[in-house]
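Worksheet for the structure shown next.
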Amino acid sequence: MTTQTEKAQQDTAAQNQASIADGVDAEIYTSNQRKPVGLAAKIAVILCIAYTLFHVGVMNGLHDRLTDLLGIGSVDLTEPWRYRLIHVGGGLALGFLLFSSTLFSEERSGTADPRRLLAVLPGAALVALAFGQAALFWATGMAVDQAAAANAYSMTFGLPLVVGTFWLIVVGWFWPDRRRATFDIADLFLALAAITVAMYLIYHAPFLRLRGGTALAKSADMYAALAGTVLILELARRLAGLALVIIASIFVLYAFVGPWLPGILEHRGYSMTRFFSYVYTDQGILGPTTAISSTYIILFVAFAAFLQASRVGEYFVNFAFAVAGGARGGPAKVAVFSSGLMGMINGTSAGNVVATGSLTIPLMKRVGYKPQTAASVEAAASSGGQILPPIMGAGAFIMSEITGIPYAEIVTAAIIPAMLYFASIYFNVDLAAQKFGMKGLPRSELPRFDKLARQAFLFLPIFILIGALFMGYSVIRAGTLGMASAAVVSWLTPYPMGPRQILFAFEIAAKMTLQLVAVCAAAGVIVGVIALTGIGTRFSSMLLGLADQNQAIALFFAMIVSIILGMGMPTTAAYAVAASVIGPGLVQLGIPPLTAHFFIFYYAVMSAITPPVALAAYAGAAIAQSDPMKTSVESFRIGLAAFVVPFMFFSSPALLMEGSWFEIIHVVISALFGIYLLSSAVQGWFFGLLSMPLRAVLLIAALSMIAQGWFTDAIGLSVAIGVWLVQKRFVDPNKVIRGAD
């Protein structure tokens, strides 16, 4: 007869089986993110929903249909400048409302400090004056037109806007409001400053298209663009750290000090009016990076938000646990699959580590992985999600936008390299589990596979998205269908999406997008400097000179530059900047555009696990409570294949699906075996513990297999067999050496 204790244990086990991934889809708050309550919370929710709905509606033409239905004059919100300015301005305003300039160490309450209000007052008054002038432009039809004086409206608009913005930012730095449950008055006026910049630039867009970056630009143009640039860099600092801000600031400084620099760095220099009126055009901030963030990125972030709100993402993780959780090192294998899948969708390595790592890292530690190894596996898998087709964290769409190569061709080319990368992580995880005798989780604690298999229809949103893209639907239409299908399939689960959940998805989509808005706009500053000064062309020429027409050497330099530019920067910004600086040079050397850009993209992604600045590894270390630098070094080792794969597809285009089926099959088999040998050398386990000399020998065999060729394959296979014979003690090392003679 079952006792009460046994029944309680059975109930607990059943509950664990059903909810091992519970909380994976919960909203994540960063340490400087506000948690407004009361009226402030309602305002934040409404603004977030409106921001996402605006983008989804405009991209799907709903705005035009609504204005036609109501019989009112349609304002073309799809016009690129207007749409992107609303995207950036709205993102900045929301960002300042929701993210503080400081970290919140505790949940403080109370009233505002009157002394701080007095400190904020001058900046607030100046921004309010500038906003009033911008509103007058719209209300009266006045404008800073071509006939206006060069310094027109400087005293009533330009200077107040810039001085007030700087004043409020400095107050936020040195005297932050540490109350988390309400909006900061200083940040409210910074949000107003962002709106003021957008209002001015949208209203004057017809003039700015003609005079931006020329001697005809007005001081008011410069002041608006300067304030907008400063706001972008400040929000990027709050949301992405200092690395991107420092790099962008160096590029901005370069635009002014060019006449005093030596060699290829020298240029004639630019006035502030010409520079800032140029950088806030479609050659800079409103250029390719913002074009991507305002369409593809926000669309697929919204898709990820729908999966999160419908708890489909939780199902993905449960499914992975049901399949692999009981195998040796099970939680680590789950991390490989679930983190890769989720990272493909959400597009941020560090963010994905926080989301899925909060579950997988503790479970990896439980079955015997060292804390730094658990964090490293999660970081490597989450970063790899951005090279996993068909979404690639929006990377496929970014590359298509920059290169003009069709999306389908990019996704097809990405299949084999992504497979090799994830095979490498899986091999590392499995070999480590063998080496240390790790077991999986008890089957009683895992979700039941038969139950989850009956819910396989929850994969439908992914398949519908992929199918729509390959059937020729536009990216926007395919993404919208994916969102709708996520809502529909949720109706077949215990968590159906009704109006409340759909609005919640739109809300969290806006919050998830804000970092990428700031990052892409900041990257646009760098792209604008590169376009204005021509440093990209000159750097490419220098690259060609250093490489002396040797493609392999040029690719090595490109790898170093991509990793350095990507340190501390999200993949989107890192790839966009690196592609602008070194992409043209690689293409000039005769490297096919697809290969060149894939090469750059891979190393931009891998910068997230490359010491000394490895954001994904640091995020994992925080969860695992391990040493960040040791974690970053180990994540680099686990992801080592990704540093080899780009050179593989350069030397063997068959890895990018270019060639006959026989060639493709040959290089895949050879590369997989080489990747396994490489993983064995890294882990020091190949049918038993490997001594250091044998690890070195196996590394040579791995590189021979990876080199792609029948002769090198034969060398690698022979060496691997020799090591296997030694490991199995059929021969000893001395006999192998004599046999080689």
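Chain lettering (A, B, ...) mirrors the order of the structure tokens, residue numbering begins at 1 for each chain separately, and ligand numbering begins at 1 in order of display.
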| 8 Å contact set for Pro288 of chain A, only C-alpha atoms, chain neighbours under 6 positions out, as a PyMOL selection string | chain A and resi 282+401-402+524
| task | Please provide as a PyMOL selection string all residues within 12 Å of Ile232 of chain A, with the sequence filter that same-chain residues fewer than 3 positions apart are discarded (counting only C-alpha atoms). | result | chain A and resi 88-93+95-96+165+169+190-191+193-194+197+225-229+235-240+244-245+248-249+280+285+514-525
| field | Residue contacts of Ala578 of chain A (9 Å, only C-alpha atoms) excluding same-chain residues fewer than 3 positions away, as a VMD selection string | value | chain A and resid 558 561 to 562 565 to 566 573 to 575 581 to 583 600 to 601 604
Give me a file of those residues, with C-alpha atoms, as a short mmCIF file (atom, residue, chain, number, x, y, z; two decimals), in the first residue's frame.
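File written: part-v3.cif
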data_model
loop_
_atom_site.label_atom_id
_atom_site.label_comp_id
_atom_site.auth_asym_id
_atom_site.auth_seq_id
_atom_site.Cartn_x
_atom_site.Cartn_y
_atom_site.Cartn_z
CA ALA A 558 40.39 39.73 -41.47
CA VAL A 561 40.06 42.54 -37.18
CA SER A 562 36.61 40.89 -36.95
CA LEU A 565 35.82 44.79 -33.55
CA GLY A 566 33.39 42.27 -32.11
CA ALA A 573 27.04 45.73 -34.93
CA ALA A 574 30.29 43.76 -35.11
CA TYR A 575 29.45 42.21 -38.47
CA VAL A 581 36.01 47.91 -43.15
CA ILE A 582 37.44 44.68 -44.55
CA GLY A 583 34.76 43.14 -46.76
CA ILE A 600 33.64 37.88 -41.37
CA PHE A 601 30.28 36.95 -39.86
CA ALA A 604 32.06 38.45 -35.40
#
Quick one: pick out all helix (DSSP H, G or I) residues within segment 428-522 of chain A from a backbone DSSP run and write them as a CSV table (one decimal) with C-alpha atoms, in the first residue's frame.
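Wrote part.csv, looks like this:
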chain,number,residue,atom,x,y,z
A,428,ASN,CA,33.4,18.1,-26.6
A,429,VAL,CA,30.5,17.6,-24.2
A,430,ASP,CA,30.4,13.8,-24.8
A,431,LEU,CA,34.2,13.3,-24.5
A,432,ALA,CA,34.2,15.4,-21.2
A,433,ALA,CA,31.4,13.2,-19.9
A,434,GLN,CA,33.4,10.0,-20.8
A,435,LYS,CA,36.6,11.4,-19.3
A,436,PHE,CA,35.0,12.2,-15.9
A,443,ARG,CA,14.7,9.4,-16.0
A,444,SER,CA,12.2,10.0,-13.2
A,445,GLU,CA,13.2,13.7,-13.2
A,449,PHE,CA,9.2,11.8,-24.4
A,450,ASP,CA,6.0,10.1,-25.4
A,451,LYS,CA,3.9,12.9,-23.9
A,452,LEU,CA,6.1,15.6,-25.6
A,453,ALA,CA,6.1,13.8,-28.9
A,456,ALA,CA,5.3,18.0,-31.7
A,457,PHE,CA,2.9,20.4,-33.4
A,458,LEU,CA,4.5,23.1,-31.3
A,459,PHE,CA,7.4,23.0,-33.8
A,460,LEU,CA,5.0,24.2,-36.4
A,461,PRO,CA,5.8,28.0,-36.1
A,462,ILE,CA,9.4,27.2,-37.0
A,463,PHE,CA,8.4,25.0,-40.0
A,464,ILE,CA,5.9,27.5,-41.2
A,465,LEU,CA,8.5,30.3,-41.1
A,466,ILE,CA,11.0,28.2,-43.0
A,467,GLY,CA,8.4,27.0,-45.5
A,468,ALA,CA,7.1,30.5,-46.1
A,469,LEU,CA,10.6,31.8,-46.8
A,470,PHE,CA,11.4,29.0,-49.2
A,475,VAL,CA,10.7,38.0,-45.0
A,476,ILE,CA,8.1,40.3,-43.4
A,477,ARG,CA,5.2,38.1,-44.5
A,478,ALA,CA,7.0,34.9,-43.3
A,479,GLY,CA,7.8,36.4,-39.9
A,480,THR,CA,4.2,37.6,-39.5
A,481,LEU,CA,2.9,34.1,-40.4
A,482,GLY,CA,5.3,32.7,-37.8
A,483,MET,CA,4.0,35.0,-35.1
A,484,ALA,CA,0.4,34.1,-36.0
A,485,SER,CA,1.1,30.4,-36.0
A,486,ALA,CA,2.8,30.6,-32.6
A,487,ALA,CA,-0.5,32.1,-31.2
A,488,VAL,CA,-2.6,29.5,-33.0
A,489,VAL,CA,-0.7,26.4,-31.8
A,490,SER,CA,-0.8,27.7,-28.2
A,499,PRO,CA,-5.7,39.1,-26.2
A,500,ARG,CA,-3.8,39.6,-22.9
A,501,GLN,CA,-1.0,37.2,-23.8
A,502,ILE,CA,-0.7,38.6,-27.4
A,503,LEU,CA,-0.4,42.1,-26.0
A,504,PHE,CA,2.2,40.8,-23.5
A,505,ALA,CA,4.2,39.4,-26.4
A,506,PHE,CA,4.2,42.8,-28.1
A,507,GLU,CA,5.2,44.4,-24.8
A,508,ILE,CA,8.3,42.2,-24.2
A,509,ALA,CA,9.2,42.4,-27.9
A,510,ALA,CA,9.7,46.1,-27.5
A,511,LYS,CA,11.9,45.6,-24.4
A,512,MET,CA,13.9,42.9,-26.1
A,513,THR,CA,14.4,45.1,-29.2
A,514,LEU,CA,15.8,48.2,-27.4
A,515,GLN,CA,19.3,47.0,-27.0
A,516,LEU,CA,19.5,46.1,-30.7
A,517,VAL,CA,18.1,49.5,-31.7
A,518,ALA,CA,20.8,51.3,-29.7
A,519,VAL,CA,23.5,49.0,-30.9
A,520,CYS,CA,22.6,49.2,-34.6
A,521,ALA,CA,22.3,53.0,-34.4
A,522,ALA,CA,25.7,53.3,-32.7
| request: Within 9 Å of Pro417 of chain A, counting only C-alpha atoms, which residues show up once you throw out same-chain ones fewer than 2 positions away? Write them as a list of chain:residue names, please. | output: A:Ile387, A:Leu388, A:Ala413, A:Ala414, A:Ile415, A:Met419, A:Leu420, A:Tyr421, A:Phe422, A:Ala642, A:Val645, A:Pro646, A:Met648, A:Phe649, A:Leu655, A:Leu656
Export of prior selection with all heavy atoms as a tab-separated table (two decimals), in the first residue's frame:
chain	number	residue	atom	x	y	z
A	387	ILE	N	24.73	31.29	-35.91
A	387	ILE	CA	25.17	30.79	-37.22
A	387	ILE	C	24.30	29.62	-37.66
A	387	ILE	O	24.61	28.94	-38.63
A	387	ILE	CB	26.66	30.37	-37.20
A	387	ILE	CG1	26.91	29.29	-36.13
A	387	ILE	CG2	27.55	31.57	-36.96
A	387	ILE	CD1	28.32	28.75	-36.12
A	388	LEU	N	23.19	29.40	-36.93
A	388	LEU	CA	22.32	28.27	-37.22
A	388	LEU	C	21.17	28.71	-38.11
A	388	LEU	O	20.37	29.56	-37.73
A	388	LEU	CB	21.79	27.69	-35.90
A	388	LEU	CG	20.91	26.44	-35.99
A	388	LEU	CD1	21.72	25.26	-36.55
A	388	LEU	CD2	20.34	26.08	-34.62
A	413	ALA	N	23.90	27.82	-47.76
A	413	ALA	CA	25.34	27.77	-47.54
A	413	ALA	C	25.69	27.60	-46.07
A	413	ALA	O	26.76	27.07	-45.73
A	413	ALA	CB	25.99	29.04	-48.09
A	414	ALA	N	24.81	28.02	-45.18
A	414	ALA	CA	25.10	28.00	-43.73
A	414	ALA	C	24.89	26.63	-43.10
A	414	ALA	O	25.34	26.40	-41.97
A	414	ALA	CB	24.23	29.03	-43.02
A	415	ILE	N	24.25	25.72	-43.80
A	415	ILE	CA	23.83	24.46	-43.18
A	415	ILE	C	25.02	23.64	-42.68
A	415	ILE	O	25.10	23.25	-41.51
A	415	ILE	CB	22.98	23.63	-44.16
A	415	ILE	CG1	21.64	24.34	-44.42
A	415	ILE	CG2	22.74	22.23	-43.60
A	415	ILE	CD1	20.81	23.69	-45.51
A	419	MET	N	26.37	22.79	-38.86
A	419	MET	CA	26.36	21.40	-38.41
A	419	MET	C	27.72	21.02	-37.82
A	419	MET	O	27.80	20.37	-36.77
A	419	MET	CB	26.02	20.48	-39.58
A	419	MET	CG	26.00	19.00	-39.23
A	419	MET	SD	25.69	17.95	-40.66
A	419	MET	CE	27.22	18.17	-41.57
A	420	LEU	N	28.80	21.45	-38.46
A	420	LEU	CA	30.14	21.14	-37.97
A	420	LEU	C	30.39	21.79	-36.62
A	420	LEU	O	30.99	21.18	-35.72
A	420	LEU	CB	31.19	21.60	-38.98
A	420	LEU	CG	31.20	20.89	-40.33
A	420	LEU	CD1	32.25	21.51	-41.25
A	420	LEU	CD2	31.50	19.40	-40.14
A	421	TYR	N	29.93	23.02	-36.46
A	421	TYR	CA	30.15	23.72	-35.21
A	421	TYR	C	29.43	23.03	-34.05
A	421	TYR	O	30.02	22.77	-32.99
A	421	TYR	CB	29.69	25.17	-35.32
A	421	TYR	CG	29.83	25.94	-34.02
A	421	TYR	CD1	31.08	26.35	-33.58
A	421	TYR	CD2	28.73	26.22	-33.23
A	421	TYR	CE1	31.23	27.04	-32.38
A	421	TYR	CE2	28.86	26.91	-32.03
A	421	TYR	CZ	30.12	27.32	-31.62
A	421	TYR	OH	30.26	27.99	-30.43
A	422	PHE	N	28.15	22.71	-34.25
A	422	PHE	CA	27.40	22.08	-33.17
A	422	PHE	C	27.85	20.63	-32.94
A	422	PHE	O	27.79	20.14	-31.81
A	422	PHE	CB	25.90	22.16	-33.44
A	422	PHE	CG	25.32	23.49	-33.06
A	422	PHE	CD1	25.14	24.47	-34.00
A	422	PHE	CD2	25.00	23.77	-31.74
A	422	PHE	CE1	24.65	25.72	-33.65
A	422	PHE	CE2	24.50	25.00	-31.38
A	422	PHE	CZ	24.32	25.98	-32.32
A	642	ALA	N	34.82	26.59	-34.52
A	642	ALA	CA	34.32	27.76	-35.26
A	642	ALA	C	35.45	28.63	-35.76
A	642	ALA	O	35.27	29.40	-36.71
A	642	ALA	CB	33.39	28.58	-34.37
A	645	VAL	N	36.52	26.36	-38.96
A	645	VAL	CA	35.54	26.14	-40.02
A	645	VAL	C	35.60	27.19	-41.13
A	645	VAL	O	35.54	26.85	-42.32
A	645	VAL	CB	34.11	26.04	-39.44
A	645	VAL	CG1	33.05	26.16	-40.52
A	645	VAL	CG2	33.94	24.72	-38.69
A	646	PRO	N	35.73	28.51	-40.83
A	646	PRO	CA	35.78	29.48	-41.92
A	646	PRO	C	36.94	29.25	-42.88
A	646	PRO	O	36.80	29.44	-44.10
A	646	PRO	CB	35.93	30.83	-41.19
A	646	PRO	CG	35.28	30.59	-39.86
A	646	PRO	CD	35.64	29.19	-39.51
A	648	MET	N	38.11	26.37	-43.47
A	648	MET	CA	37.72	25.16	-44.19
A	648	MET	C	36.86	25.51	-45.40
A	648	MET	O	37.09	25.00	-46.51
A	648	MET	CB	36.98	24.21	-43.26
A	648	MET	CG	37.83	23.60	-42.17
A	648	MET	SD	36.84	22.77	-40.88
A	648	MET	CE	36.01	21.52	-41.83
A	649	PHE	N	35.83	26.36	-45.21
A	649	PHE	CA	34.97	26.63	-46.37
A	649	PHE	C	35.62	27.60	-47.35
A	649	PHE	O	35.19	27.70	-48.49
A	649	PHE	CB	33.55	27.05	-45.97
A	649	PHE	CG	33.39	28.29	-45.14
A	649	PHE	CD1	33.74	29.54	-45.61
A	649	PHE	CD2	32.79	28.21	-43.89
A	649	PHE	CE1	33.55	30.67	-44.86
A	649	PHE	CE2	32.59	29.35	-43.12
A	649	PHE	CZ	32.98	30.59	-43.61
A	655	LEU	N	31.79	23.00	-48.74
A	655	LEU	CA	31.18	23.16	-47.43
A	655	LEU	C	30.10	24.23	-47.43
A	655	LEU	O	29.28	24.29	-46.51
A	655	LEU	CB	32.24	23.50	-46.38
A	655	LEU	CG	33.14	22.33	-45.94
A	655	LEU	CD1	34.20	22.82	-44.97
A	655	LEU	CD2	32.31	21.22	-45.30
A	656	LEU	N	30.10	25.08	-48.44
A	656	LEU	CA	29.03	26.07	-48.61
A	656	LEU	C	28.04	25.62	-49.67
A	656	LEU	O	27.35	26.43	-50.27
A	656	LEU	CB	29.63	27.43	-48.99
A	656	LEU	CG	30.54	28.08	-47.94
A	656	LEU	CD1	31.08	29.42	-48.45
A	656	LEU	CD2	29.80	28.28	-46.62
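Across A:His87, A:Arg695, A:Arg180, A:Arg538, the tightest approach to Arg34 of chain A is made by A:Arg180 when counting only C-alpha atoms.
Note that the spacing between atom CA of Ile405 of chain A and atom CA of Ala596 of chain A amounts to 12.2 Å.
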